[in-house]
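Please read the structure below before turning to the comments.
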Amino acid sequence: MTTDPTTIHLAGDSTVAPGPLDGSGVIGWGGVLHEFVTRPVANRAFGGATTATFLETGRWAETLAAIRPGDDVVIQFGHNDQKDPELAADRGYTDNLTRFVTDVRDRGGRPILGTSVERCLFTDDGELRVSHGPYPRAVRRLGRALDVPVIDLTAFTRWLYPWLGPERCRELFPHPHPENGNPDTTHFGLAGARAVAGFVAQQLRALDGLDDDHLPLGYWGMVP
């Protein structure tokens, strides 16, 4: 008799949320994570979410109710929290993330924190702007304090976007902003979502140690 596979639950904002898979609109990296993992993905992220509204709307309660022992819960907020004075990085934001971690552990799951993906905003000199201030630092500090794994999507995207350059980076954000028609520098198209989801999937593999028992290349042709 086989057991059901564990589930990867996602809690976050629009940069994580589901979207159209035909390329017709914006989509978060969580919307394509299933393409890179073999376990089921339950994505309850939604546009405009903060750590507070995720609680207020009942999405967090839904997440907790679905968690089974051994499940992973990847938690990534910050884009909208920074707009609310009550959710300052080292106060309300950290307090809510701490609650999330405790709740997941109480259910037998593994909490995993994610720093915010960067916005595709370059200066006239071609430098990538910093758009989340102290929020990524707050996540890193909390991860150390609570011994929680952190997937540093801020660091990853701050490497990825300059490596691509301003013009190619725009290919990850191909859709106009729905409110003003200007280029959208926050929400991914399929290519951007897949780039980040692939990184998240590799980080999950590393956390699970799935590649740790392979023989190193130096053993090729040799008897260990």
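Going through the structure tokens in order, the chains are called A, B, and so on, while each chain numbers its residues from 1 and the ligands are numbered from 1 in the order shown.
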Against stretch 169-172 of chain A, which residues of stretch 3-39 of chain A fall within 12 Å? For each one I want the closest pair of atoms and the distance in Å (one decimal), counting only C-alpha atoms, rows by chain and increasing residue number, as CSV.
residue,atom,partner,partner_atom,distance
A:Gly23,CA,A:Leu172,CA,11.3
A:Gly25,CA,A:Leu172,CA,11.9
A:Val26,CA,A:Leu172,CA,10.1
A:Ile27,CA,A:Leu172,CA,10.7
A:Gly28,CA,A:Leu172,CA,11.2
A:Trp29,CA,A:Leu172,CA,11.3
Would you kindly return, as a short mmCIF file (atom, residue, chain, number, x, y, z; two decimals) with N, CA and C atoms, in the first residue's frame, each protein, DNA or RNA residue with an atom no farther than 12 Å from any atom of A:Phe188, considering only C-alpha atoms and excluding same-chain residues fewer than 5 positions away?
data_model
loop_
_atom_site.label_atom_id
_atom_site.label_comp_id
_atom_site.auth_asym_id
_atom_site.auth_seq_id
_atom_site.Cartn_x
_atom_site.Cartn_y
_atom_site.Cartn_z
N SER A 14 0.44 38.38 -5.14
CA SER A 14 0.28 38.16 -6.58
C SER A 14 1.52 37.61 -7.25
N THR A 15 2.70 37.83 -6.66
CA THR A 15 3.92 37.31 -7.27
C THR A 15 4.05 35.80 -7.08
N VAL A 16 3.15 35.23 -6.27
CA VAL A 16 3.09 33.79 -6.04
C VAL A 16 1.81 33.19 -6.63
N ALA A 17 0.78 33.99 -6.81
CA ALA A 17 -0.57 33.53 -7.09
C ALA A 17 -0.73 32.85 -8.45
N PRO A 18 -1.77 32.02 -8.60
CA PRO A 18 -2.07 31.41 -9.90
C PRO A 18 -2.44 32.45 -10.94
N GLY A 19 -2.36 32.05 -12.20
CA GLY A 19 -2.73 32.91 -13.32
C GLY A 19 -2.92 32.05 -14.55
N PRO A 20 -3.23 32.66 -15.69
CA PRO A 20 -3.46 31.88 -16.91
C PRO A 20 -2.18 31.20 -17.40
N LEU A 21 -2.33 29.94 -17.78
CA LEU A 21 -1.19 29.16 -18.24
C LEU A 21 -0.97 29.25 -19.74
N GLY A 23 -0.30 32.18 -21.24
CA GLY A 23 0.48 33.37 -21.52
C GLY A 23 -0.33 34.63 -21.71
N SER A 24 -1.62 34.57 -21.47
CA SER A 24 -2.49 35.72 -21.77
C SER A 24 -2.52 36.77 -20.66
N GLY A 25 -1.93 36.47 -19.51
CA GLY A 25 -1.96 37.43 -18.42
C GLY A 25 -0.88 37.16 -17.40
N VAL A 26 -0.87 37.95 -16.34
CA VAL A 26 0.17 37.82 -15.33
C VAL A 26 -0.06 36.54 -14.51
N ILE A 27 1.04 36.03 -13.97
CA ILE A 27 1.00 34.80 -13.20
C ILE A 27 2.16 34.80 -12.23
N GLY A 28 1.92 34.34 -11.00
CA GLY A 28 2.99 34.23 -10.03
C GLY A 28 3.78 32.95 -10.22
N TRP A 29 4.95 32.91 -9.59
CA TRP A 29 5.78 31.71 -9.74
C TRP A 29 5.09 30.46 -9.20
N GLY A 30 4.21 30.66 -8.20
CA GLY A 30 3.49 29.51 -7.67
C GLY A 30 2.52 28.89 -8.66
N GLY A 31 2.12 29.67 -9.66
CA GLY A 31 1.19 29.17 -10.66
C GLY A 31 1.79 28.15 -11.61
N VAL A 32 3.12 28.07 -11.63
CA VAL A 32 3.78 27.10 -12.51
C VAL A 32 4.71 26.16 -11.74
N VAL A 117 10.33 38.57 -4.23
CA VAL A 117 10.99 38.72 -5.52
C VAL A 117 11.15 40.22 -5.80
N GLU A 118 12.25 40.59 -6.40
CA GLU A 118 12.52 42.00 -6.69
C GLU A 118 11.63 42.49 -7.82
N ARG A 119 11.42 43.80 -7.86
CA ARG A 119 10.74 44.42 -8.99
C ARG A 119 11.76 44.72 -10.09
N CYS A 120 11.31 44.72 -11.32
CA CYS A 120 12.19 44.98 -12.47
C CYS A 120 12.25 46.50 -12.70
N CYS A 169 15.33 41.63 -19.25
CA CYS A 169 14.54 41.48 -18.03
C CYS A 169 13.07 41.79 -18.30
N ARG A 170 12.81 42.73 -19.18
CA ARG A 170 11.43 43.09 -19.51
C ARG A 170 10.67 41.91 -20.13
N GLU A 171 11.40 40.95 -20.71
CA GLU A 171 10.74 39.77 -21.28
C GLU A 171 10.09 38.92 -20.20
N LEU A 172 10.54 39.08 -18.95
CA LEU A 172 9.93 38.35 -17.85
C LEU A 172 8.65 39.02 -17.36
N PHE A 173 8.44 40.27 -17.78
CA PHE A 173 7.29 41.08 -17.35
C PHE A 173 6.62 41.68 -18.60
N PRO A 174 6.01 40.84 -19.45
CA PRO A 174 5.57 41.30 -20.76
C PRO A 174 4.23 42.01 -20.79
N HIS A 175 3.49 41.99 -19.69
CA HIS A 175 2.13 42.50 -19.72
C HIS A 175 2.04 43.93 -19.18
N PRO A 176 1.15 44.75 -19.73
CA PRO A 176 0.97 46.11 -19.20
C PRO A 176 0.28 46.07 -17.85
N HIS A 177 0.52 47.12 -17.07
CA HIS A 177 -0.15 47.22 -15.78
C HIS A 177 -1.65 47.35 -16.00
N PRO A 183 4.21 49.75 -18.43
CA PRO A 183 4.88 48.47 -18.23
C PRO A 183 4.75 48.02 -16.77
N ALA A 193 7.68 33.72 -14.37
CA ALA A 193 7.19 32.80 -13.35
C ALA A 193 7.97 31.49 -13.38
N ARG A 194 8.26 31.01 -14.58
CA ARG A 194 8.99 29.74 -14.68
C ARG A 194 10.43 29.88 -14.21
N ALA A 195 11.05 31.02 -14.47
CA ALA A 195 12.43 31.22 -14.02
C ALA A 195 12.53 31.12 -12.50
N VAL A 196 11.58 31.77 -11.82
CA VAL A 196 11.60 31.76 -10.36
C VAL A 196 11.14 30.41 -9.82
N ALA A 197 10.11 29.83 -10.42
CA ALA A 197 9.61 28.53 -9.93
C ALA A 197 10.68 27.45 -10.05
#
Check your understanding: atom CA of A:Glu179 and atom CA of A:Gly78 are how many Å apart?
Key ->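 It comes out at 20.7 Å.
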**Study point:** For A:Pro85, the nearest of the candidates A:Ala52, A:Ala65, A:Arg140, A:Thr57, counting only C-alpha atoms
**Key:**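 Counting only C-alpha atoms, the residue closest to A:Pro85 is A:Ala52.
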Check your understanding: Quick one: distance from atom CA of A:His9 to atom CA of A:His187 in Å, one decimal?
Key -> 20.5 Å
**Study point:** DSSP strand (DSSP E or B) residues within stretch 8-202 of chain A, as a PyMOL selection string
**Key:** chain A and resi 8-12+41-43+72-76+110-114+122+128+150-151+176+183
Using only C-alpha atoms, determine which residues lie at most 12 Å from A:Leu146, disregarding the query and same-chain residues fewer than 5 positions distant; provide the list as a CSV table (one decimal) with all heavy atoms, in the first residue's frame.
chain,number,residue,atom,x,y,z
A,94,THR,N,6.8,40.9,10.8
A,94,THR,CA,7.5,39.8,11.5
A,94,THR,C,6.6,39.0,12.4
A,94,THR,O,6.7,37.8,12.6
A,94,THR,CB,8.8,40.3,12.2
A,94,THR,OG1,9.7,40.8,11.2
A,94,THR,CG2,9.4,39.3,13.1
A,97,LEU,N,4.5,36.7,10.4
A,97,LEU,CA,5.3,35.5,9.9
A,97,LEU,C,5.6,34.6,11.0
A,97,LEU,O,5.6,33.3,10.8
A,97,LEU,CB,6.6,36.0,9.2
A,97,LEU,CG,6.4,36.8,7.9
A,97,LEU,CD1,7.8,37.3,7.4
A,97,LEU,CD2,5.7,35.9,6.8
A,98,THR,N,5.9,35.1,12.2
A,98,THR,CA,6.1,34.2,13.3
A,98,THR,C,4.9,33.4,13.6
A,98,THR,O,5.1,32.2,13.9
A,98,THR,CB,6.5,35.1,14.6
A,98,THR,OG1,7.7,35.9,14.3
A,98,THR,CG2,6.8,34.2,15.8
A,99,ARG,N,3.8,34.0,13.6
A,99,ARG,CA,2.5,33.2,13.8
A,99,ARG,C,2.4,32.1,12.8
A,99,ARG,O,2.0,31.0,13.1
A,99,ARG,CB,1.3,34.1,13.8
A,99,ARG,CG,0.0,33.4,13.8
A,99,ARG,CD,-1.2,34.2,13.8
A,99,ARG,NE,-2.4,33.5,13.7
A,99,ARG,CZ,-3.7,34.0,13.7
A,99,ARG,NH1,-3.8,35.3,13.9
A,99,ARG,NH2,-4.7,33.2,13.5
A,100,PHE,N,2.7,32.4,11.5
A,100,PHE,CA,2.5,31.4,10.5
A,100,PHE,C,3.5,30.2,10.7
A,100,PHE,O,3.1,29.1,10.6
A,100,PHE,CB,2.9,32.0,9.1
A,100,PHE,CG,1.9,33.1,8.6
A,100,PHE,CD1,2.3,33.9,7.6
A,100,PHE,CD2,0.6,33.1,9.1
A,100,PHE,CE1,1.4,34.9,7.1
A,100,PHE,CE2,-0.3,34.1,8.6
A,100,PHE,CZ,0.1,34.9,7.6
A,101,VAL,N,4.7,30.5,11.1
A,101,VAL,CA,5.7,29.5,11.4
A,101,VAL,C,5.2,28.6,12.5
A,101,VAL,O,5.2,27.3,12.4
A,101,VAL,CB,7.0,30.1,11.7
A,101,VAL,CG1,8.0,29.0,12.3
A,101,VAL,CG2,7.7,30.7,10.5
A,102,THR,N,4.7,29.2,13.6
A,102,THR,CA,4.2,28.4,14.7
A,102,THR,C,3.0,27.6,14.4
A,102,THR,O,3.0,26.4,14.7
A,102,THR,CB,3.9,29.4,15.9
A,102,THR,OG1,5.0,30.1,16.3
A,102,THR,CG2,3.3,28.6,17.1
A,105,ARG,N,4.1,24.5,12.2
A,105,ARG,CA,4.8,23.5,13.1
A,105,ARG,C,3.8,22.8,14.0
A,105,ARG,O,3.9,21.5,14.2
A,105,ARG,CB,5.9,24.2,13.9
A,105,ARG,CG,7.1,24.5,13.0
A,105,ARG,CD,8.2,25.2,13.8
A,105,ARG,NE,9.4,25.2,13.1
A,105,ARG,CZ,10.5,26.0,13.4
A,105,ARG,NH1,10.4,26.8,14.4
A,105,ARG,NH2,11.6,25.9,12.7
A,111,PRO,N,7.5,24.8,7.8
A,111,PRO,CA,7.4,26.1,7.3
A,111,PRO,C,8.7,26.5,6.5
A,111,PRO,O,9.8,26.1,7.0
A,111,PRO,CB,7.2,27.0,8.5
A,111,PRO,CG,7.9,26.2,9.6
A,111,PRO,CD,7.7,24.8,9.3
A,112,ILE,N,8.6,27.2,5.4
A,112,ILE,CA,9.7,27.7,4.6
A,112,ILE,C,9.4,29.1,4.3
A,112,ILE,O,8.4,29.4,3.7
A,112,ILE,CB,9.9,26.8,3.4
A,112,ILE,CG1,10.2,25.4,3.7
A,112,ILE,CG2,11.1,27.4,2.5
A,112,ILE,CD1,10.1,24.4,2.5
A,113,LEU,N,10.2,30.0,4.7
A,113,LEU,CA,10.0,31.4,4.4
A,113,LEU,C,10.7,31.8,3.1
A,113,LEU,O,11.8,31.3,2.7
A,113,LEU,CB,10.6,32.3,5.5
A,113,LEU,CG,10.0,32.1,6.9
A,113,LEU,CD1,10.8,32.9,8.0
A,113,LEU,CD2,8.5,32.6,6.9
A,139,VAL,N,13.0,38.8,7.0
A,139,VAL,CA,12.7,37.4,6.8
A,139,VAL,C,14.0,36.6,7.1
A,139,VAL,O,13.9,35.5,7.8
A,139,VAL,CB,12.3,37.1,5.3
A,139,VAL,CG1,12.2,35.7,5.0
A,139,VAL,CG2,11.0,37.8,5.1
A,140,ARG,N,15.1,37.1,6.7
A,140,ARG,CA,16.4,36.3,7.0
A,140,ARG,C,16.6,36.2,8.5
A,140,ARG,O,17.0,35.2,9.0
A,140,ARG,CB,17.5,37.0,6.3
A,140,ARG,CG,17.4,37.0,4.7
A,140,ARG,CD,18.6,37.8,4.1
A,140,ARG,NE,18.3,38.1,2.7
A,140,ARG,CZ,18.3,39.3,2.1
A,140,ARG,NH1,18.5,40.4,2.9
A,140,ARG,NH2,18.1,39.4,0.8
A,141,ARG,N,16.4,37.3,9.2
A,141,ARG,CA,16.6,37.3,10.6
A,141,ARG,C,15.7,36.4,11.3
A,141,ARG,O,16.1,35.6,12.2
A,141,ARG,CB,16.4,38.7,11.2
A,141,ARG,CG,17.6,39.7,10.9
A,141,ARG,CD,17.3,41.1,11.4
A,141,ARG,NE,18.4,42.0,11.3
A,141,ARG,CZ,18.5,43.2,11.6
A,141,ARG,NH1,17.3,43.8,12.1
A,141,ARG,NH2,19.5,44.0,11.5
Practice item. Could you give me, as a VMD selection string, the residues within 12 Å of A:Val74, counting only C-alpha atoms and dropping anything in the same chain fewer than 3 positions from it? Key: chain A and resid 7 to 13 16 29 to 30 33 41 to 45 63 67 71 77 97 100 to 101 104 109 to 116 148 to 153 197 200 to 201 203 to 204
Check your understanding: Using only C-alpha atoms, which residues sit within 12 Å of A:Arg205 once same-chain residues fewer than 4 positions away are excluded, as a ChimeraX atom specification?
Key -> /A:36-39,72,151,198-201,209-212
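For the pair atom CA of A:Val130 and atom CA of A:Trp163, the interatomic distance is 15.6 Å.
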Going by DSSP on the backbone, which bits of stretch 75-178 of chain A are helix (DSSP H, G or I)? Write them as a compact mmCIF listing (two decimals) with C-alpha atoms, in the first residue's frame, please.
# COMPACT_ATOMS: atom_id res chain seq x y z
CA ASP A 81 2.94 44.69 3.57
CA GLN A 82 5.35 47.56 2.93
CA LYS A 83 2.39 49.79 2.03
CA PRO A 85 2.34 51.16 8.47
CA GLU A 86 0.87 48.50 10.75
CA LEU A 87 2.94 45.88 8.93
CA ALA A 89 9.16 44.92 8.59
CA ASP A 90 10.35 44.40 12.15
CA ARG A 91 6.92 44.68 13.75
CA GLY A 92 3.58 43.58 12.27
CA TYR A 93 5.15 41.78 9.30
CA THR A 94 7.55 39.79 11.47
CA ASP A 95 4.83 39.14 14.05
CA ASN A 96 2.52 37.63 11.44
CA LEU A 97 5.28 35.53 9.88
CA THR A 98 6.15 34.24 13.34
CA ARG A 99 2.53 33.20 13.82
CA PHE A 100 2.54 31.42 10.45
CA VAL A 101 5.67 29.47 11.37
CA THR A 102 4.24 28.43 14.74
CA ASP A 103 0.91 27.41 13.22
CA VAL A 104 2.54 25.24 10.56
CA ARG A 105 4.77 23.49 13.07
CA ASP A 106 1.78 22.84 15.32
CA TYR A 135 11.63 43.41 4.47
CA PRO A 136 14.01 40.75 3.08
CA ARG A 137 16.33 41.32 6.03
CA ALA A 138 13.42 40.76 8.42
CA VAL A 139 12.72 37.38 6.80
CA ARG A 140 16.37 36.33 6.96
CA ARG A 141 16.62 37.33 10.61
CA LEU A 142 13.43 35.46 11.46
CA GLY A 143 14.68 32.38 9.67
CA ARG A 144 17.83 32.37 11.80
CA ALA A 145 15.94 33.11 15.01
CA LEU A 146 13.35 30.36 14.53
CA LEU A 153 14.17 35.12 -3.81
CA THR A 154 15.31 38.70 -3.35
CA ALA A 155 18.93 37.65 -3.75
CA PHE A 156 18.11 35.35 -6.66
CA THR A 157 16.16 37.93 -8.64
CA ARG A 158 18.68 40.67 -7.83
CA TRP A 159 21.21 38.42 -9.55
CA LEU A 160 18.91 37.31 -12.37
CA TYR A 161 17.65 40.70 -13.57
CA PRO A 162 21.04 42.45 -13.95
CA TRP A 163 22.46 39.30 -15.52
CA LEU A 164 19.74 39.50 -18.16
CA PRO A 166 17.19 45.84 -18.53
CA GLU A 167 15.90 44.91 -21.98
CA ARG A 168 15.87 41.13 -21.56
CA CYS A 169 14.54 41.48 -18.03
CA ARG A 170 11.43 43.09 -19.51
CA GLU A 171 10.74 39.77 -21.28
CA LEU A 172 9.93 38.35 -17.85
